[in-house]
Each structure stands twice: as C-alpha cells, then as structure tokens.
>>> print(open('my_file_12.cif').read())   # mmCIF, C-alpha atoms
data_query
#
loop_
_atom_site.label_atom_id
_atom_site.label_comp_id
_atom_site.auth_asym_id
_atom_site.auth_seq_id
_atom_site.Cartn_x
_atom_site.Cartn_y
_atom_site.Cartn_z
CA LYS A 1 61.23 97.43 -40.16
CA LYS A 2 64.06 94.97 -39.45
CA PRO A 3 61.91 92.61 -37.38
CA CYS A 4 59.50 92.33 -40.25
CA ALA A 5 62.09 90.83 -42.60
CA PRO A 6 62.05 87.35 -41.05
CA ARG A 7 58.27 87.34 -41.15
CA ASN A 8 58.34 88.23 -44.85
CA ARG A 9 60.89 85.51 -45.53
CA ALA A 10 58.87 82.99 -43.50
CA SER A 11 55.69 83.84 -45.31
CA VAL A 12 57.43 83.60 -48.63
CA MET A 13 58.90 80.20 -47.73
CA SER A 14 55.55 78.93 -46.54
CA ARG A 15 53.95 80.04 -49.78
CA VAL A 16 56.71 78.37 -51.79
CA ARG A 17 56.24 75.16 -49.82
CA ALA A 18 52.48 75.33 -50.39
CA LEU A 19 53.00 75.82 -54.08
CA ILE A 20 55.47 72.91 -54.22
CA PHE A 21 53.05 70.69 -52.29
CA ALA A 22 50.14 71.72 -54.49
CA SER A 23 52.16 71.15 -57.64
CA ALA A 24 53.24 67.74 -56.27
CA LEU A 25 49.62 66.85 -55.62
CA CYS A 26 48.59 67.96 -59.09
CA THR A 27 51.45 66.03 -60.65
CA GLY A 28 50.60 62.92 -58.62
CA ALA A 29 46.94 63.18 -59.51
CA THR A 30 47.72 63.63 -63.17
CA ALA A 31 50.10 60.69 -63.14
CA PHE A 32 47.55 58.54 -61.29
CA GLN A 33 44.82 59.40 -63.78
CA ALA A 34 47.18 58.63 -66.62
CA LEU A 35 48.33 55.31 -65.16
CA VAL A 36 45.11 53.85 -63.73
CA PRO A 37 43.24 53.37 -67.07
CA ARG A 38 46.26 51.67 -68.55
CA ALA A 39 46.60 49.36 -65.62
CA SER A 40 42.89 48.53 -65.61
CA LEU A 41 42.97 47.97 -69.36
CA HIS A 42 45.95 45.72 -68.97
CA HIS A 43 44.22 43.92 -66.13
CA ARG A 44 41.07 43.41 -68.20
CA SER A 45 42.98 42.23 -71.25
CA LEU A 46 44.74 39.39 -69.44
CA PRO A 47 41.62 37.31 -68.71
CA ALA A 48 40.46 37.85 -72.30
CA VAL A 49 43.71 36.44 -73.62
CA ARG A 50 43.68 33.55 -71.17
CA VAL A 51 40.09 32.61 -71.97
CA ALA A 52 40.48 32.96 -75.70
CA GLN A 53 43.72 31.02 -75.81
CA PRO A 54 42.39 27.68 -74.47
CA ALA A 55 39.36 28.02 -76.71
CA HIS A 56 41.72 28.45 -79.64
CA PHE A 57 43.67 25.39 -78.53
CA ARG A 58 40.48 23.37 -78.16
CA GLN A 59 39.37 24.41 -81.59
CA SER A 60 42.78 23.49 -82.95
CA ARG A 61 42.59 20.09 -81.29
CA VAL A 62 39.13 19.43 -82.70
CA THR A 63 40.30 20.50 -86.13
CA LEU A 64 43.33 18.25 -85.89
CA SER A 65 41.23 15.31 -84.74
CA ASP A 66 38.77 15.85 -87.55
CA ALA A 67 41.61 16.05 -90.01
CA ALA A 68 43.12 12.87 -88.58
CA ALA A 69 39.79 11.11 -88.94
CA THR A 70 39.66 11.98 -92.62
CA ALA A 71 43.36 11.57 -93.31
CA PRO A 72 44.58 8.15 -94.47
CA GLY A 73 47.28 7.98 -91.80
CA GLY A 74 45.29 9.47 -88.89
CA GLN A 75 44.77 7.50 -85.73
CA PRO A 76 40.92 7.65 -85.86
CA GLY A 77 41.16 6.50 -89.44
CA LYS A 78 43.01 3.43 -88.27
CA GLU A 79 40.32 2.71 -85.72
CA ALA A 80 37.67 3.09 -88.39
CA ASP A 81 39.59 0.66 -90.58
CA LYS A 82 39.84 -1.72 -87.68
CA GLU A 83 36.11 -1.57 -87.10
CA ALA A 84 35.47 -2.16 -90.78
CA VAL A 85 37.45 -5.43 -90.78
CA VAL A 86 35.30 -8.59 -90.75
CA LEU A 87 36.27 -12.22 -90.24
CA VAL A 88 35.62 -14.79 -92.94
CA GLU A 89 35.84 -18.56 -92.76
CA SER A 90 38.18 -20.91 -94.54
CA THR A 91 37.07 -23.90 -96.61
CA GLN A 92 38.40 -26.30 -93.96
CA ARG A 93 36.26 -24.63 -91.32
CA SER A 94 33.15 -24.96 -93.49
CA ILE A 95 33.87 -28.67 -94.02
CA ALA A 96 34.36 -29.22 -90.30
CA LYS A 97 31.12 -27.41 -89.47
CA ALA A 98 29.14 -29.37 -92.08
CA VAL A 99 30.45 -32.75 -90.91
CA SER A 100 30.11 -32.01 -87.18
CA TRP A 101 26.53 -30.79 -87.62
CA ARG A 102 25.57 -33.80 -89.71
CA LEU A 103 26.85 -36.13 -87.01
CA THR A 104 24.88 -34.24 -84.36
CA ALA A 105 21.74 -34.02 -86.48
CA ALA A 106 21.97 -37.69 -87.47
CA VAL A 107 21.52 -38.77 -83.85
CA ILE A 108 18.39 -36.63 -83.47
CA THR A 109 16.92 -37.78 -86.80
CA LEU A 110 17.57 -41.41 -85.86
CA CYS A 111 15.68 -40.99 -82.58
CA THR A 112 12.69 -39.17 -84.08
CA SER A 113 12.47 -41.50 -87.09
CA LEU A 114 12.59 -44.58 -84.88
CA PHE A 115 10.03 -43.09 -82.50
CA PHE A 116 7.42 -42.22 -85.15
CA SER A 117 8.04 -45.04 -87.63
CA GLY A 118 8.88 -47.86 -85.24
CA SER A 119 11.26 -49.34 -87.81
CA MET A 120 15.04 -49.36 -87.46
CA MET A 121 15.47 -49.98 -91.17
CA ALA A 122 13.37 -46.95 -92.07
CA ALA A 123 15.17 -44.82 -89.50
CA ALA A 124 18.57 -45.91 -90.79
CA GLY A 125 17.52 -45.18 -94.37
CA ILE A 126 16.31 -41.69 -93.47
CA VAL A 127 19.50 -40.91 -91.54
CA GLY A 128 21.71 -42.22 -94.35
CA MET A 129 19.92 -40.24 -97.04
CA ASP A 130 19.98 -37.11 -94.91
CA PHE A 131 23.70 -37.47 -94.27
CA LEU A 132 24.57 -37.86 -97.93
CA THR A 133 22.40 -35.04 -99.23
CA LYS A 134 22.70 -32.51 -96.43
CA SER A 135 26.44 -32.77 -95.89
CA LEU A 136 27.13 -31.39 -99.36
CA THR A 137 24.29 -28.87 -99.29
CA MET A 138 25.30 -27.56 -95.88
CA PHE A 139 28.88 -27.10 -97.07
CA ILE A 140 27.60 -25.16 -100.06
CA GLY A 141 25.37 -23.13 -97.76
CA GLU A 142 28.31 -22.29 -95.51
CA ARG A 143 30.34 -21.08 -98.46
CA LEU A 144 27.43 -18.91 -99.63
CA TRP A 145 26.96 -17.45 -96.15
CA ASN A 146 30.68 -16.76 -96.09
CA LYS A 147 30.16 -14.27 -98.93
CA SER A 148 27.59 -12.33 -96.88
CA ASN A 149 28.58 -9.91 -94.12
CA VAL A 150 25.12 -9.72 -92.56
CA GLY A 151 25.56 -9.83 -88.79
CA ARG A 152 29.31 -10.22 -89.09
CA SER A 153 32.05 -8.07 -87.53
CA ASP A 154 35.67 -8.25 -86.41
CA LYS A 155 34.45 -10.20 -83.37
CA GLY A 156 32.71 -12.88 -85.43
CA ASP A 157 29.08 -13.75 -86.09
CA SER A 158 26.31 -12.10 -84.09
CA ILE A 159 23.38 -13.91 -82.47
CA GLY A 160 21.04 -12.51 -85.11
CA ARG A 161 23.17 -14.01 -87.87
CA SER A 162 23.10 -17.41 -86.13
CA ILE A 163 19.30 -17.30 -85.82
CA LEU A 164 18.90 -16.27 -89.44
CA LYS A 165 21.16 -19.10 -90.59
CA ALA A 166 19.21 -21.59 -88.48
CA VAL A 167 15.86 -20.55 -89.95
CA VAL A 168 17.09 -20.50 -93.56
CA TRP A 169 18.78 -23.87 -93.20
CA ARG A 170 15.78 -25.45 -91.51
CA LEU A 171 13.49 -24.49 -94.39
CA PHE A 172 15.61 -26.60 -96.72
CA ALA A 173 16.44 -29.35 -94.22
CA ALA A 174 12.81 -29.91 -93.20
CA THR A 175 11.79 -30.34 -96.84
CA ASN A 176 14.65 -32.76 -97.39
CA THR A 177 13.76 -34.79 -94.30
CA LEU A 178 10.08 -34.85 -95.30
CA ILE A 179 10.93 -36.36 -98.69
CA SER A 180 13.39 -38.88 -97.21
CA ALA A 181 10.95 -39.96 -94.50
CA GLY A 182 8.12 -40.27 -97.01
CA ILE A 183 10.23 -42.52 -99.21
CA PHE A 184 11.42 -44.88 -96.45
CA THR A 185 8.25 -45.00 -94.32
CA GLY A 186 5.74 -45.04 -97.13
CA GLY A 187 3.41 -42.67 -95.28
CA TRP A 188 3.38 -38.91 -95.52
CA GLU A 189 1.69 -38.51 -92.17
CA VAL A 190 4.57 -40.22 -90.38
CA ALA A 191 7.01 -38.31 -92.58
CA ALA A 192 5.40 -35.02 -91.54
CA GLN A 193 5.71 -35.98 -87.88
CA ILE A 194 9.40 -36.79 -88.29
CA ALA A 195 10.12 -33.61 -90.24
CA GLY A 196 8.10 -31.46 -87.81
CA SER A 197 9.81 -32.80 -84.71
CA ASP A 198 13.18 -32.34 -86.39
CA ALA A 199 12.32 -28.73 -87.18
CA LEU A 200 11.39 -27.95 -83.58
CA ILE A 201 14.44 -29.59 -82.06
CA LYS A 202 17.13 -28.79 -84.60
CA THR A 203 16.29 -25.13 -85.13
CA SER A 204 17.10 -24.30 -81.52
CA LEU A 205 20.02 -26.71 -81.47
CA PHE A 206 21.48 -25.19 -84.63
CA VAL A 207 21.56 -21.76 -82.98
CA VAL A 208 23.53 -23.25 -80.07
CA PHE A 209 25.77 -25.03 -82.58
CA GLU A 210 26.51 -21.75 -84.34
CA ARG A 211 27.23 -19.92 -81.09
CA VAL A 212 29.72 -22.60 -80.05
CA TRP A 213 31.50 -22.30 -83.38
CA ALA A 214 31.46 -18.50 -83.02
CA MET A 215 33.72 -18.89 -79.98
CA ILE A 216 36.23 -20.96 -81.96
CA SER A 217 38.82 -18.86 -83.77
CA TRP A 218 40.23 -21.68 -85.87
CA GLY A 219 39.68 -21.24 -89.59
CA ARG A 220 38.76 -17.54 -89.38
CA TYR A 221 40.82 -14.71 -90.81
CA PRO A 222 40.30 -11.03 -91.75
CA ALA A 223 38.59 -10.53 -95.05
CA PRO A 224 40.98 -9.29 -97.74
CA LYS A 225 40.44 -5.69 -98.75
CA PRO A 226 39.08 -5.21 -102.26
#
>>> encode(input="my_file_12.cif", output="structure tokens")
Amino acid sequence: KKPCAPRNRASVMSRVRALIFASALCTGATAFQALVPRASLHHRSLPAVRVAQPAHFRQSRVTLSDAAATAPGGQPGKEADKEAVVLVESTQRSIAKAVSWRLTAAVITLCTSLFFSGSMMAAAGIVGMDFLTKSLTMFIGERLWNKSNVGRSDKGDSIGRSILKAVVWRLFAATNTLISAGIFTGGWEVAAQIAGSDALIKTSLFVVFERVWAMISWGRYPAPKP
C-alpha cells in the first residue's frame, strides 16, 4: 500500500493542475468575450466621431459665412457693398467731355459739309451753329446720363452703355445737323447727305470717344449712398 501513496498524490496533483488550467482557460475566454465587443465598439465609434466632427465643422463654417453675408459687419457683406458701389461723374468732367467732343465733331462736320455743299461759308455756318447748340445740349445730356446707372459699375461705364449713349445722342444730333445744313445750304437734299454722312461717321467715333473717356479716372467718384 505504501508505494501507492505517491501515485495517488501524483494523480491528485495532476487533476488539480488540470482543473486550474481549465479554470484559467474558462476565465480567459470569458474575459476575452467580455472585452472584445467593447473594443470593437470603441473601434467602430472612433471613425463615426471623426467623420461627423468635420461635417459639423463644415456646417458651422457655412452657417458662419451665411451669417456674415447677412450681417452688416460681415466680410461678404463688405464685398457686396463694394460691388454695389458705382462711379458717377463730376460737372467738370461733363463740361470737358462736351467741349472735347464738339471740337472733334466740328472737324468732321466741316469736312462733310464742305464736300457736299462745296461752299466754305455754308460749311462754316453749319459748324458754328452745331457748336453753339450741341455743346449745351450735350452737357445737359451728360448730366442726365449721370443720373442713370444703366451699364455702370465700380469699374466705370460698360461698352453697352457707350453704344447706347452714342445711338441716343446721334438721334438728336442728326436732326440738329439736318436743320442747320438745310438753313445754310438752302437744299434739303444736300442737308440730308451731310446729316447722313455725319451719322455714319460720328456714331462709331462717339463709341470710341466714350471708351477713351472710360479709361480716364479724372472727375469720377463713388456715388453717395442714399
């Protein structure tokens, strides 16, 4: 019986070790099952937070930009105010434009009147009458156009505005030249030739004249706010 004691103790120890190992495995498995879902949940939650956070920031930035656009002191509001500013012309600029155009137009009217009438006296009379009547009327027209913002911006007059001004002015100027030429030549056929040639030449030249003045900043200033 004595030799059997060590065997019994060895078998008991092996069983105890097996139980400890099995309990360790069970404990490890239970801990692993308890920890893995939390880790995976934590791992899945991080991208959600990272994705949602920039979207929230972007939405905040858009909201702030929209608020700045509507706010009186916002930066976009200042840009909108800047775009809304237009340039108007001073009285001195209108006088200079009227006189400079009359001098330019007088040379053309003198040439066409002399060509069709053949009389220097008639040509001089037509040019003189045109200069006296059209200088004042063109100044008045410039002041009236200065009250209109059609085709006007913070950069000055557009090409469309220059063309529109040329056409409107030529309707009056051609009628004026027709009457002056008819009075000094005594023939309405010659007067119509003078007025017609003036209309063809001066309409295009007036557009160029306006574009040259559009590049000159003298006598222009921002329109006062109402």
>>> atom_distance(input="my_file_12.cif", atom1="atom CA of A:Ala181", atom2="atom CA of A:Met121")
11.5 Å
>>> atom_distance(input="my_file_12.cif", atom1="atom CA of A:Ala166", atom2="atom CA of A:Asp198")
12.5 Å
>>> resolve_selection(input="my_file_12.cif", expression="the PyMOL selection byres ((chain A and resi 113) around 9)", output="ChimeraX atom specification")
/A:108-112,114-120,122-124,126-127,181,190-191,193-195
>>> resolve_selection(input="my_file_12.cif", expression="the PyMOL selection byres ((chain A and resi 87) around 9)", output="PDB file with C-alpha atoms, in the coordinates of the input")
ATOM      1  CA  VAL A  85      37.450  -5.430 -90.780  1.00  0.00           C
ATOM      2  CA  VAL A  86      35.300  -8.590 -90.750  1.00  0.00           C
ATOM      3  CA  VAL A  88      35.620 -14.790 -92.940  1.00  0.00           C
ATOM      4  CA  GLU A  89      35.840 -18.560 -92.760  1.00  0.00           C
ATOM      5  CA  ASN A 149      28.580  -9.910 -94.120  1.00  0.00           C
ATOM      6  CA  ARG A 152      29.310 -10.220 -89.090  1.00  0.00           C
ATOM      7  CA  SER A 153      32.050  -8.070 -87.530  1.00  0.00           C
ATOM      8  CA  ASP A 154      35.670  -8.250 -86.410  1.00  0.00           C
ATOM      9  CA  LYS A 155      34.450 -10.200 -83.370  1.00  0.00           C
ATOM     10  CA  GLY A 156      32.710 -12.880 -85.430  1.00  0.00           C
ATOM     11  CA  ASP A 157      29.080 -13.750 -86.090  1.00  0.00           C
ATOM     12  CA  ARG A 220      38.760 -17.540 -89.380  1.00  0.00           C
ATOM     13  CA  TYR A 221      40.820 -14.710 -90.810  1.00  0.00           C
ATOM     14  CA  PRO A 222      40.300 -11.030 -91.750  1.00  0.00           C
ATOM     15  CA  ALA A 223      38.590 -10.530 -95.050  1.00  0.00           C
TER      16      ALA A 223
END
>>> atom_distance(input="my_file_12.cif", atom1="atom CA of A:Gly151", atom2="atom CA of A:Lys165")
10.4 Å
>>> residues_around(input="my_file_12.cif", residues="A:Thr91", least_positions_apart="6", cutoff="10 Å", atoms="all atoms listed in the file", output="PyMOL selection string")
chain A and resi 97+139+142-143+146+219-220
>>> closest_residue(input="my_file_12.cif", among="A:Gln92, A:Thr133, A:Thr104, A:Ser217", to="A:Ile179", atoms="only C-alpha atoms")
A:Thr133
>>> residues_around(input="my_file_12.cif", residues="A:Glu210", least_positions_apart="4", cutoff="12 Å", atoms="only C-alpha atoms", output="PyMOL selection string")
chain A and resi 94+97-98+100-101+142+156-166+169+202-206+214-216
>>> write_last_selection(input="my_file_12.cif", atoms="C-alpha atoms", output="mmCIF file, keeping the file's coordinate frame")
data_model
loop_
_atom_site.group_PDB
_atom_site.id
_atom_site.type_symbol
_atom_site.label_atom_id
_atom_site.label_comp_id
_atom_site.auth_asym_id
_atom_site.auth_seq_id
_atom_site.Cartn_x
_atom_site.Cartn_y
_atom_site.Cartn_z
ATOM 1 C CA SER A 94 33.150 -24.960 -93.490
ATOM 2 C CA LYS A 97 31.120 -27.410 -89.470
ATOM 3 C CA ALA A 98 29.140 -29.370 -92.080
ATOM 4 C CA SER A 100 30.110 -32.010 -87.180
ATOM 5 C CA TRP A 101 26.530 -30.790 -87.620
ATOM 6 C CA GLU A 142 28.310 -22.290 -95.510
ATOM 7 C CA GLY A 156 32.710 -12.880 -85.430
ATOM 8 C CA ASP A 157 29.080 -13.750 -86.090
ATOM 9 C CA SER A 158 26.310 -12.100 -84.090
ATOM 10 C CA ILE A 159 23.380 -13.910 -82.470
ATOM 11 C CA GLY A 160 21.040 -12.510 -85.110
ATOM 12 C CA ARG A 161 23.170 -14.010 -87.870
ATOM 13 C CA SER A 162 23.100 -17.410 -86.130
ATOM 14 C CA ILE A 163 19.300 -17.300 -85.820
ATOM 15 C CA LEU A 164 18.900 -16.270 -89.440
ATOM 16 C CA LYS A 165 21.160 -19.100 -90.590
ATOM 17 C CA ALA A 166 19.210 -21.590 -88.480
ATOM 18 C CA TRP A 169 18.780 -23.870 -93.200
ATOM 19 C CA LYS A 202 17.130 -28.790 -84.600
ATOM 20 C CA THR A 203 16.290 -25.130 -85.130
ATOM 21 C CA SER A 204 17.100 -24.300 -81.520
ATOM 22 C CA LEU A 205 20.020 -26.710 -81.470
ATOM 23 C CA PHE A 206 21.480 -25.190 -84.630
ATOM 24 C CA ALA A 214 31.460 -18.500 -83.020
ATOM 25 C CA MET A 215 33.720 -18.890 -79.980
ATOM 26 C CA ILE A 216 36.230 -20.960 -81.960
#
>>> axis_aligned_box(input="my_file_12.cif", around="stretch 127-145 of chain A", padding_each_side="8 Å", output="JSON")
{"center_x": 24.9, "center_y": -29.8, "center_z": -95.8, "size_x": 26.8, "size_y": 40.8, "size_z": 24.5}
>>> decode(input="my_file_12.cif", residues="stretch 133-156 of chain A", atoms="N, CA and C atoms", output="PDB file, in the first residue's frame")
ATOM      1  N   THR A 133     -25.212 125.047 -80.423  1.00  0.00           N
ATOM      2  CA  THR A 133     -26.399 124.328 -79.940  1.00  0.00           C
ATOM      3  C   THR A 133     -26.042 123.000 -79.278  1.00  0.00           C
ATOM      4  N   LYS A 134     -25.123 122.276 -79.829  1.00  0.00           N
ATOM      5  CA  LYS A 134     -24.833 120.929 -79.329  1.00  0.00           C
ATOM      6  C   LYS A 134     -23.915 120.919 -78.115  1.00  0.00           C
ATOM      7  N   SER A 135     -23.135 121.973 -77.926  1.00  0.00           N
ATOM      8  CA  SER A 135     -22.283 121.996 -76.735  1.00  0.00           C
ATOM      9  C   SER A 135     -23.139 122.005 -75.471  1.00  0.00           C
ATOM     10  N   LEU A 136     -24.157 122.862 -75.462  1.00  0.00           N
ATOM     11  CA  LEU A 136     -25.035 122.940 -74.296  1.00  0.00           C
ATOM     12  C   LEU A 136     -25.894 121.695 -74.159  1.00  0.00           C
ATOM     13  N   THR A 137     -26.435 121.225 -75.275  1.00  0.00           N
ATOM     14  CA  THR A 137     -27.306 120.045 -75.201  1.00  0.00           C
ATOM     15  C   THR A 137     -26.528 118.790 -74.823  1.00  0.00           C
ATOM     16  N   MET A 138     -25.285 118.680 -75.263  1.00  0.00           N
ATOM     17  CA  MET A 138     -24.504 117.510 -74.881  1.00  0.00           C
ATOM     18  C   MET A 138     -24.156 117.564 -73.400  1.00  0.00           C
ATOM     19  N   PHE A 139     -23.872 118.748 -72.879  1.00  0.00           N
ATOM     20  CA  PHE A 139     -23.616 118.870 -71.445  1.00  0.00           C
ATOM     21  C   PHE A 139     -24.845 118.461 -70.646  1.00  0.00           C
ATOM     22  N   ILE A 140     -26.011 118.908 -71.096  1.00  0.00           N
ATOM     23  CA  ILE A 140     -27.248 118.521 -70.406  1.00  0.00           C
ATOM     24  C   ILE A 140     -27.457 117.011 -70.504  1.00  0.00           C
ATOM     25  N   GLY A 141     -27.172 116.465 -71.687  1.00  0.00           N
ATOM     26  CA  GLY A 141     -27.301 115.016 -71.851  1.00  0.00           C
ATOM     27  C   GLY A 141     -26.363 114.241 -70.957  1.00  0.00           C
ATOM     28  N   GLU A 142     -25.139 114.724 -70.781  1.00  0.00           N
ATOM     29  CA  GLU A 142     -24.191 114.061 -69.888  1.00  0.00           C
ATOM     30  C   GLU A 142     -24.672 114.087 -68.450  1.00  0.00           C
ATOM     31  N   ARG A 143     -25.259 115.201 -68.041  1.00  0.00           N
ATOM     32  CA  ARG A 143     -25.760 115.274 -66.665  1.00  0.00           C
ATOM     33  C   ARG A 143     -26.958 114.357 -66.463  1.00  0.00           C
ATOM     34  N   LEU A 144     -27.790 114.211 -67.496  1.00  0.00           N
ATOM     35  CA  LEU A 144     -28.927 113.289 -67.390  1.00  0.00           C
ATOM     36  C   LEU A 144     -28.451 111.842 -67.354  1.00  0.00           C
ATOM     37  N   TRP A 145     -27.484 111.507 -68.192  1.00  0.00           N
ATOM     38  CA  TRP A 145     -26.931 110.153 -68.175  1.00  0.00           C
ATOM     39  C   TRP A 145     -26.241 109.869 -66.841  1.00  0.00           C
ATOM     40  N   ASN A 146     -25.726 110.901 -66.200  1.00  0.00           N
ATOM     41  CA  ASN A 146     -25.056 110.706 -64.925  1.00  0.00           C
ATOM     42  C   ASN A 146     -26.020 110.260 -63.829  1.00  0.00           C
ATOM     43  N   LYS A 147     -27.296 110.500 -64.017  1.00  0.00           N
ATOM     44  CA  LYS A 147     -28.314 110.076 -63.060  1.00  0.00           C
ATOM     45  C   LYS A 147     -28.776 108.641 -63.304  1.00  0.00           C
ATOM     46  N   SER A 148     -28.349 108.045 -64.403  1.00  0.00           N
ATOM     47  CA  SER A 148     -28.733 106.671 -64.740  1.00  0.00           C
ATOM     48  C   SER A 148     -27.554 105.741 -64.506  1.00  0.00           C
ATOM     49  N   ASN A 149     -27.823 104.590 -63.898  1.00  0.00           N
ATOM     50  CA  ASN A 149     -26.785 103.593 -63.631  1.00  0.00           C
ATOM     51  C   ASN A 149     -26.819 102.430 -64.617  1.00  0.00           C
ATOM     52  N   VAL A 150     -27.470 102.610 -65.734  1.00  0.00           N
ATOM     53  CA  VAL A 150     -27.526 101.564 -66.754  1.00  0.00           C
ATOM     54  C   VAL A 150     -26.129 101.341 -67.330  1.00  0.00           C
ATOM     55  N   GLY A 151     -25.635 100.113 -67.224  1.00  0.00           N
ATOM     56  CA  GLY A 151     -24.315  99.793 -67.751  1.00  0.00           C
ATOM     57  C   GLY A 151     -23.169 100.411 -66.988  1.00  0.00           C
ATOM     58  N   ARG A 152     -23.402 100.743 -65.736  1.00  0.00           N
ATOM     59  CA  ARG A 152     -22.377 101.408 -64.931  1.00  0.00           C
ATOM     60  C   ARG A 152     -22.058 100.543 -63.719  1.00  0.00           C
ATOM     61  N   SER A 153     -20.766 100.516 -63.334  1.00  0.00           N
ATOM     62  CA  SER A 153     -20.324  99.723 -62.196  1.00  0.00           C
ATOM     63  C   SER A 153     -19.187 100.459 -61.510  1.00  0.00           C
ATOM     64  N   ASP A 154     -18.546  99.752 -60.542  1.00  0.00           N
ATOM     65  CA  ASP A 154     -17.411 100.368 -59.852  1.00  0.00           C
ATOM     66  C   ASP A 154     -16.200 100.501 -60.753  1.00  0.00           C
ATOM     67  N   LYS A 155     -16.220  99.836 -61.906  1.00  0.00           N
ATOM     68  CA  LYS A 155     -15.118  99.936 -62.859  1.00  0.00           C
ATOM     69  C   LYS A 155     -15.374 100.980 -63.940  1.00  0.00           C
ATOM     70  N   GLY A 156     -16.536 101.598 -63.924  1.00  0.00           N
ATOM     71  CA  GLY A 156     -16.848 102.620 -64.924  1.00  0.00           C
ATOM     72  C   GLY A 156     -17.969 102.182 -65.851  1.00  0.00           C
TER      73      GLY A 156
END
